[in-house]
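Novice: The structure is given below, and queries will be raised subsequently.
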Amino acid sequence: MIRTIVSDRKKLLDLITLLAAVIFVIILSAAVPNFLSLNNVINVLEQLTTIGMLCLGMTFILIIGGIDLSMPAVLMAATVPGAMIMSKTGNVLVGVVIILGVGIIFGMINGIAIAKARMIPFIVTLSTQIIANGFAVMITNSKSVFGLPDVFLFLGIKIGIVPISIPIFFIIAVISHIILAKTKYGRIFYMIGQNENTARISGIRTDLYIFCTYIIASIYACIAGILLAARTNMAGATMVGNTMLTDTISAAVIGGASLSGGKGNIFGSVLGALFITVISNFINLMGYSYYVGLIIKGVLIVIIIALDRLRNRE
Amino acid sequence: MLEMNNITKKFPGVRALDNVTLKAEPGKVLALIGVNGAGKSTLMNILGGILKQDEGEILINEKKVTMNSPKDAEKNGIAFIHQEPLFFSSMSVAQNVFIGNLFKSNFPFLTDNKKAEREAKKYLRLLGADDIDPHSAMEEITIGARQMTEIARSLAMGANIIIFDEPTSSLSLHEKNKLFDVIRKLKQEGKIIIYISHFLDEITELCDDYLVLRDGKMSGAGVVEGLHKEDLVTMVIGQKPSAAEKKAAGNLSEETILKVSHIVSGNLLQDVNFELRKGEILGIWGLMGSGRTELVRAVLGLDRIDAGEVFFMDKDKSLKKIKKNTLLKKVGYVTESRHYDGLFLNMDITNNCTAAKLDNYCTRRMKFIRADKEVQDTKKLIQKLNIKVPDEKTPASLLSGGNQQKVVFAKWLNKGAPVLILDEPTRGVDVGSKMEIYKIIRKIAAEGTSVLLISSEVDEMVDLSDRVIILKRGRITESVEGRDISNSNLMKLALSGGDTHE
């Protein structure tokens, strides 16, 4: 009895959410002439790859019950030295190895502090965020790096009208989905997020898995950085926007991840990232000032999360 | 003079208290004795205004009083000293003593901490606890000092009736002696004192009168002086300590599968040694606070230990020393609290049942989970353990306590571990499921699984165990087998002599 009422209410709210999304798109396309044009759609999808990649990594982190505030900063701190080497020597392989290497080092710092020293993820990653930011600005002297080698810029080219970064992102998303939904490792991530104590008693090396998750998140940040640098042919302190971190977390939470762990999925996170990107795009096209844009974005995020919580309440 | 006359309290289905009368006189210590569930807490909760009696009356100095809330109890001068002192850890001793009525400062909204410290010092001196600095924070002082602070608080509140609820369970011997001195001092000042304890030695040492409860009824009351300990045990458990009712010892394998040697962990565990044989059910018996759970957690490597080694029988039948943290991979552990670390409440039963044996459900190379096999095995387990669920996709949180516990068992049966450690395996479980769980435990033991059993229920110990080791204040004091595992003998062994080794 109670269950049917709950599921009826859930269906109703699902319907409302869907309806709201449709109305939202209609309003957008009515208000913004170019919104549904092929060019703009591709533009949105290309922008999606950055927030999307970060959001995939954040999804892993949120599922195990952690949080990683350092992801955008690590993106920058890892990409910048790699880009510097590339623009100086033209050696793409060394550049990419440096990017991944620096990213993994930051991931390991987070992982060791959280999994082994049992420090609070919020505090740890807040600190690494500051360190990574400082590191990036220090080595560049606040100047951006340009002139990346052509082989590297291949990652930023378009095949026909489709930028190559879009299929790369979606392939990585599908792989992430398979890992989380279909493999033993995914199951263990969810188990740790649901109840770390039970997972430990069940014989799982929870510390090892938590450690690895922070490294995974950093690698995703590196990939996001590589794609972004290839697209814009530059790397520097300006490649990470002020709102990138909140955008990433909001996207994952809109997609169903919970800050208390154990919940979330890749499909939802991609949709969440898409939603956030569309809002940014809308604000851009409408020509609102940056600050008005922030207000609109914030309000929409609160509304969508409130709707979602309403839907999942029992 | 405090009188609780003909108190009766019914809970749905049980008479928690049946016509109990308690009389406590000023300047005397009354011992309140009984096993867990005998009704001590119910009686004290009625006195504290937390519960209301169905029948009977409470008189203080021949005046009838009604207790509708803890506030009423406080007004009538009743104070409780709890087993685990309650306090605000980052506030000072003085602030804790005067919590609830802190002194106002001359500035509005501020409190006068200097005055509180001066006043607190007076009360502490009264208790002979001068060494406690009223300025230090509660979290910085010892458990014994916290208890003193709690007593000082009750004096500051103007309490005349002070109830001590198993106050010595976490104290060192030195702190215990100090506490007894304080209680004697309070006694001289004409306070009414009720002292709840499991330890019969403490009662003969400290108390003047006694009241024994068993199954909600009074099974004895009188003066402690001249009382034999044996008689007291009889009153507590309801039968003569010599009565033997245990089956003969079964034929056990001589093979040792788990060997624990010289485990030391702070004050909690002091040089614990035991061996678990193949296919036996070994009970660890001791009172609450004797270190039972701490012992298994130490053996499993879940908590740090100061010294000690654990050996486990390998595949080649020889005992090998276990490296830190790896025993959990080999054994099963039904924990004390299934919600805290036994279940994934928001995951379905299938995921719970396969959690400890995931490798069994994966493809070899890519580690893809084979959901069909999971469901298949879970269905079998549901049937085998008679778990009552709509289907195998139901979240564990929707099940009753008994069925949840069966899911925990299902997880470990599915793992097929050669050793199963059970900590309170039937806590919060209905009688029907309890019997079924007993059957499961006996069956797996008969099939060769070794079981390490911890339980607070003496009947459970007697029913299941092949051998019982007695744990007391972090030491194993005795090991009993066969006919010696009896209800009364276990009670006697646990109750007598709190610190025989000190």
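By convention here, the chains of the structure tokens are called A, B, ... in the order presented, each chain's residues are numbered starting at 1, and ligands are numbered starting at 1 in the order presented.
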Taking only C-alpha atoms into account, find every residue of chain A that has an atom no more than 6 Å from chain B, and write it out as a list of chain:residue names.

Specialist: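 That gives the following set of residues: A:Lys182, A:Thr183, A:Lys184, A:Asn195, A:Asn197, A:Thr198, A:Ser202, A:Gly203.
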
Novice: Which polymer residues have any atom within 10 Å of an atom of A:Cys212, counting only C-alpha atoms, with same-chain residues fewer than 6 positions away left out, as a PyMOL selection string?

Specialist: chain A and resi 61+104+107-108+110-112+115+206+218

Novice: Hey, which of A:Cys222, A:Ile120, A:Cys55, A:Leu259 ends up closest to A:Ile99? Count only C-alpha atoms.

Specialist: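 Checking each of A:Cys222, A:Ile120, A:Cys55, A:Leu259 against A:Ile99, counting only C-alpha atoms, the winner is A:Cys222.
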
Novice: Calculate how many Å separate atom CA of B:Val408 from atom CA of B:Gly428, rounding to one decimal.

Specialist: 13.5 Å

Novice: Give me, please, the distance in Å between atom CA of B:Phe109 and atom CA of B:Ala94, quoted to one decimal.

Specialist: 18.1 Å

Novice: Neighbouring residues of A:Ile139 were defined as those with any atom within 9 Å, considering only C-alpha atoms; residues of the same chain fewer than 5 positions away were excluded. Please report them as a PyMOL selection string.

Specialist: chain A and resi 80-81+134

Novice: Write down as JSON, numbers by chain the residues of stretch 168-411 of chain B whose backbone DSSP state falls under strand (DSSP E or B).

Specialist: {"B": [192, 193, 194, 195, 196, 209, 210, 211, 212, 213, 214, 217, 218, 219, 220, 221, 222, 223, 256, 257, 258, 259, 260, 261, 262, 263, 264, 265, 269, 270, 271, 272, 273, 274, 275, 276, 277, 281, 282, 283, 284, 285, 307, 308, 309, 310, 311, 312, 313, 319, 320, 321, 332, 333, 334, 348, 362, 368, 369, 395]}

Novice: Might you pull out every residue within 8 Å of B:Ala137, with only C-alpha atoms counted and same-chain residues fewer than 3 positions away left off, and present them as a list in words?

Specialist: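 Neighbouring residues, sequence-local ones excluded: Ser89, Ser90, Met91, Ser92, Val93, Glu140 and Ile141 of chain B.
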
Novice: Could the residues in this selection be written to a file with all heavy atoms, as a short mmCIF file (atom, residue, chain, number, x, y, z; two decimals), in the first residue's frame?

Specialist:
```
data_model
loop_
_atom_site.label_atom_id
_atom_site.label_comp_id
_atom_site.auth_asym_id
_atom_site.auth_seq_id
_atom_site.Cartn_x
_atom_site.Cartn_y
_atom_site.Cartn_z
N SER B 89 32.48 17.03 26.50
CA SER B 89 33.90 16.71 26.59
C SER B 89 34.81 17.93 26.45
O SER B 89 35.88 17.96 27.01
CB SER B 89 34.27 15.67 25.55
OG SER B 89 33.88 16.12 24.27
N SER B 90 34.38 18.96 25.72
CA SER B 90 35.31 20.07 25.53
C SER B 90 35.09 21.17 26.57
O SER B 90 35.80 22.17 26.57
CB SER B 90 35.17 20.64 24.12
OG SER B 90 33.86 21.10 23.92
N MET B 91 34.11 20.97 27.46
CA MET B 91 33.89 21.99 28.50
C MET B 91 34.69 21.61 29.74
O MET B 91 35.11 20.48 29.91
CB MET B 91 32.40 22.09 28.82
CG MET B 91 31.61 22.68 27.66
SD MET B 91 29.83 22.54 27.86
CE MET B 91 29.51 23.93 28.90
N SER B 92 34.87 22.58 30.62
CA SER B 92 35.72 22.33 31.78
C SER B 92 34.97 21.52 32.83
O SER B 92 33.76 21.36 32.78
CB SER B 92 36.16 23.66 32.39
OG SER B 92 35.07 24.25 33.08
N VAL B 93 35.75 20.98 33.77
CA VAL B 93 35.17 20.23 34.87
C VAL B 93 34.13 21.08 35.60
O VAL B 93 33.02 20.64 35.88
CB VAL B 93 36.29 19.78 35.84
CG1 VAL B 93 35.71 19.25 37.14
CG2 VAL B 93 37.18 18.74 35.17
N GLU B 140 40.34 15.74 28.88
CA GLU B 140 41.75 15.61 29.26
C GLU B 140 41.94 14.79 30.53
O GLU B 140 43.07 14.46 30.88
CB GLU B 140 42.36 17.01 29.49
CG GLU B 140 42.50 17.82 28.22
CD GLU B 140 42.75 19.28 28.51
OE1 GLU B 140 42.79 19.67 29.70
OE2 GLU B 140 42.91 20.04 27.54
N ILE B 141 40.86 14.49 31.23
CA ILE B 141 41.04 13.82 32.52
C ILE B 141 40.64 12.35 32.41
O ILE B 141 40.01 11.93 31.46
CB ILE B 141 40.23 14.54 33.64
CG1 ILE B 141 38.74 14.53 33.31
CG2 ILE B 141 40.73 15.95 33.82
CD1 ILE B 141 37.88 15.16 34.38
#
```

Novice: Mind checking which residues fall within 12 Å of A:Met138, counting only C-alpha atoms, ignoring those fewer than 4 positions away in the same chain, and posting them as a compact mmCIF listing (two decimals) with N, CA, C and O atoms, in the first residue's frame?

Specialist:
```
# COMPACT_ATOMS: atom_id res chain seq x y z
N MET A 76 44.87 21.63 -14.00
CA MET A 76 45.75 22.72 -14.41
C MET A 76 47.21 22.40 -14.06
O MET A 76 48.10 22.51 -14.90
N ALA A 77 47.43 21.96 -12.83
CA ALA A 77 48.80 21.72 -12.36
C ALA A 77 49.48 20.62 -13.16
O ALA A 77 50.70 20.61 -13.29
N VAL A 80 49.78 22.02 -17.31
CA VAL A 80 50.71 23.13 -17.59
C VAL A 80 52.16 22.66 -17.78
O VAL A 80 52.76 22.96 -18.81
N PRO A 81 52.74 21.88 -16.85
CA PRO A 81 54.14 21.47 -17.08
C PRO A 81 54.28 20.60 -18.33
O PRO A 81 55.27 20.73 -19.06
N ILE A 131 47.58 23.75 -3.09
CA ILE A 131 48.95 23.41 -3.51
C ILE A 131 49.04 23.36 -5.03
O ILE A 131 49.95 23.93 -5.64
N ALA A 132 48.08 22.69 -5.67
CA ALA A 132 48.12 22.52 -7.12
C ALA A 132 48.02 23.87 -7.82
O ALA A 132 48.74 24.15 -8.78
N ASN A 133 47.13 24.71 -7.32
CA ASN A 133 47.00 26.05 -7.90
C ASN A 133 48.31 26.82 -7.81
O ASN A 133 48.79 27.40 -8.78
N GLY A 134 48.89 26.78 -6.61
CA GLY A 134 50.15 27.49 -6.39
C GLY A 134 51.24 26.97 -7.30
O GLY A 134 51.97 27.75 -7.94
N SER A 142 52.56 32.85 -14.05
CA SER A 142 51.22 33.33 -14.47
C SER A 142 51.12 33.61 -15.96
O SER A 142 50.25 34.37 -16.38
N LYS A 143 52.03 33.05 -16.76
CA LYS A 143 51.88 33.23 -18.21
C LYS A 143 51.34 31.94 -18.81
O LYS A 143 51.65 30.85 -18.35
N SER A 144 50.55 32.08 -19.84
CA SER A 144 50.02 30.88 -20.47
C SER A 144 51.01 30.31 -21.47
O SER A 144 51.87 31.02 -21.99
N GLY A 236 47.35 27.07 -19.15
CA GLY A 236 47.78 28.13 -18.23
C GLY A 236 46.77 28.31 -17.13
O GLY A 236 45.80 27.55 -17.01
N ALA A 237 47.03 29.34 -16.34
CA ALA A 237 46.20 29.55 -15.16
C ALA A 237 44.76 29.91 -15.53
O ALA A 237 43.87 29.83 -14.70
```

Novice: Just to confirm, what's the straight-line distance from atom CA of A:Asn141 to atom CA of A:Leu54 in Å (one decimal)?

Specialist: 25.6 Å

Novice: Mind checking which residues fall within 10 Å of A:Gly156, counting only C-alpha atoms, ignoring those fewer than 2 positions away in the same chain, and posting them as number ranges by chain?

Specialist: A: 46, 150-154, 158-159, 163-166, 226-233

Novice: I need the residues from that last selection saved to file as a PDB file, in the first residue's frame (with N, CA and C atoms), if you can.

Specialist:
```pdb
ATOM      1  N   GLU A  46      31.020  19.766 -27.318  1.00  0.00           N
ATOM      2  CA  GLU A  46      32.468  19.929 -27.182  1.00  0.00           C
ATOM      3  C   GLU A  46      32.814  20.528 -25.818  1.00  0.00           C
ATOM      4  N   ASP A 150      51.750  19.888 -33.349  1.00  0.00           N
ATOM      5  CA  ASP A 150      50.603  19.521 -34.172  1.00  0.00           C
ATOM      6  C   ASP A 150      50.057  18.137 -33.832  1.00  0.00           C
ATOM      7  N   VAL A 151      50.995  17.203 -33.526  1.00  0.00           N
ATOM      8  CA  VAL A 151      50.540  15.839 -33.203  1.00  0.00           C
ATOM      9  C   VAL A 151      49.596  15.877 -32.013  1.00  0.00           C
ATOM     10  N   PHE A 152      49.908  16.721 -31.053  1.00  0.00           N
ATOM     11  CA  PHE A 152      49.064  16.841 -29.860  1.00  0.00           C
ATOM     12  C   PHE A 152      47.737  17.509 -30.219  1.00  0.00           C
ATOM     13  N   LEU A 153      47.807  18.506 -31.061  1.00  0.00           N
ATOM     14  CA  LEU A 153      46.590  19.242 -31.427  1.00  0.00           C
ATOM     15  C   LEU A 153      45.619  18.378 -32.216  1.00  0.00           C
ATOM     16  N   PHE A 154      46.108  17.218 -32.706  1.00  0.00           N
ATOM     17  CA  PHE A 154      45.223  16.268 -33.375  1.00  0.00           C
ATOM     18  C   PHE A 154      44.017  15.947 -32.496  1.00  0.00           C
ATOM     19  N   LYS A 158      38.712  18.462 -35.797  1.00  0.00           N
ATOM     20  CA  LYS A 158      37.370  17.981 -36.105  1.00  0.00           C
ATOM     21  C   LYS A 158      37.448  16.985 -37.252  1.00  0.00           C
ATOM     22  N   ILE A 159      36.637  15.947 -37.172  1.00  0.00           N
ATOM     23  CA  ILE A 159      36.469  15.051 -38.308  1.00  0.00           C
ATOM     24  C   ILE A 159      35.142  15.446 -38.924  1.00  0.00           C
ATOM     25  N   PRO A 163      34.181  17.383 -33.502  1.00  0.00           N
ATOM     26  CA  PRO A 163      35.494  17.390 -32.858  1.00  0.00           C
ATOM     27  C   PRO A 163      35.792  16.007 -32.293  1.00  0.00           C
ATOM     28  N   ILE A 164      37.019  15.600 -32.412  1.00  0.00           N
ATOM     29  CA  ILE A 164      37.399  14.242 -32.024  1.00  0.00           C
ATOM     30  C   ILE A 164      37.256  14.024 -30.514  1.00  0.00           C
ATOM     31  N   SER A 165      37.288  15.135 -29.749  1.00  0.00           N
ATOM     32  CA  SER A 165      37.180  14.990 -28.291  1.00  0.00           C
ATOM     33  C   SER A 165      35.812  14.443 -27.864  1.00  0.00           C
ATOM     34  N   ILE A 166      34.783  14.681 -28.707  1.00  0.00           N
ATOM     35  CA  ILE A 166      33.449  14.208 -28.318  1.00  0.00           C
ATOM     36  C   ILE A 166      33.381  12.684 -28.293  1.00  0.00           C
ATOM     37  N   ILE A 226      44.155  17.386 -21.002  1.00  0.00           N
ATOM     38  CA  ILE A 226      44.745  17.127 -22.319  1.00  0.00           C
ATOM     39  C   ILE A 226      43.775  17.559 -23.420  1.00  0.00           C
ATOM     40  N   LEU A 227      42.493  17.148 -23.288  1.00  0.00           N
ATOM     41  CA  LEU A 227      41.501  17.490 -24.311  1.00  0.00           C
ATOM     42  C   LEU A 227      41.319  19.009 -24.401  1.00  0.00           C
ATOM     43  N   LEU A 228      41.278  19.641 -23.231  1.00  0.00           N
ATOM     44  CA  LEU A 228      41.048  21.081 -23.205  1.00  0.00           C
ATOM     45  C   LEU A 228      42.228  21.834 -23.836  1.00  0.00           C
ATOM     46  N   ALA A 229      43.446  21.407 -23.500  1.00  0.00           N
ATOM     47  CA  ALA A 229      44.633  22.068 -24.040  1.00  0.00           C
ATOM     48  C   ALA A 229      44.711  21.875 -25.546  1.00  0.00           C
ATOM     49  N   ALA A 230      44.362  20.659 -26.001  1.00  0.00           N
ATOM     50  CA  ALA A 230      44.418  20.389 -27.436  1.00  0.00           C
ATOM     51  C   ALA A 230      43.389  21.226 -28.185  1.00  0.00           C
ATOM     52  N   ARG A 231      42.229  21.425 -27.566  1.00  0.00           N
ATOM     53  CA  ARG A 231      41.163  22.177 -28.226  1.00  0.00           C
ATOM     54  C   ARG A 231      41.507  23.652 -28.328  1.00  0.00           C
ATOM     55  N   THR A 232      42.081  24.180 -27.256  1.00  0.00           N
ATOM     56  CA  THR A 232      42.316  25.623 -27.224  1.00  0.00           C
ATOM     57  C   THR A 232      43.741  26.001 -27.604  1.00  0.00           C
ATOM     58  N   ASN A 233      44.592  24.980 -27.813  1.00  0.00           N
ATOM     59  CA  ASN A 233      45.992  25.206 -28.137  1.00  0.00           C
ATOM     60  C   ASN A 233      46.686  26.101 -27.108  1.00  0.00           C
TER      61      ASN A 233
END
```

Novice: Go through A:Arg309, A:Val299, A:Thr277, A:Ala83 one by one, measure the shortest atom-to-atom distance of each to A:Val44 using only C-alpha atoms, and give the residue with the smallest value.

Specialist: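 Closest to A:Val44, using only C-alpha atoms: A:Thr277.
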
Novice: Just the residues within 10 Å of stretch 252-259 of chain B, please, counting only C-alpha atoms, with nothing from its chain fewer than 2 positions along; format it as an MDAnalysis selection string.

Specialist: chainID B and resid 249:250 261 273:281 299 309:314 317:322 418:419 448:450 452 466

Novice: Which one is closest to B:Leu211: B:Gly39, B:Arg146, B:Val389, B:Asn487? Count only C-alpha atoms.

Specialist: B:Gly39

Novice: I need the residue nearest A:Ser87 from this list: A:Ala217, A:Phe135, A:Ala73, A:Met234. Use only C-alpha atoms for the distance.

Specialist: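 Nearest candidate to A:Ser87 out of A:Ala217, A:Phe135, A:Ala73, A:Met234: A:Met234.
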
Novice: Between A:Ile67, A:Ile283, A:Leu19, A:Ile304, which is the closest to A:Gly193 once you count only C-alpha atoms?

Specialist: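 Answer, going by the shortest atom-to-atom distance: A:Ile67.
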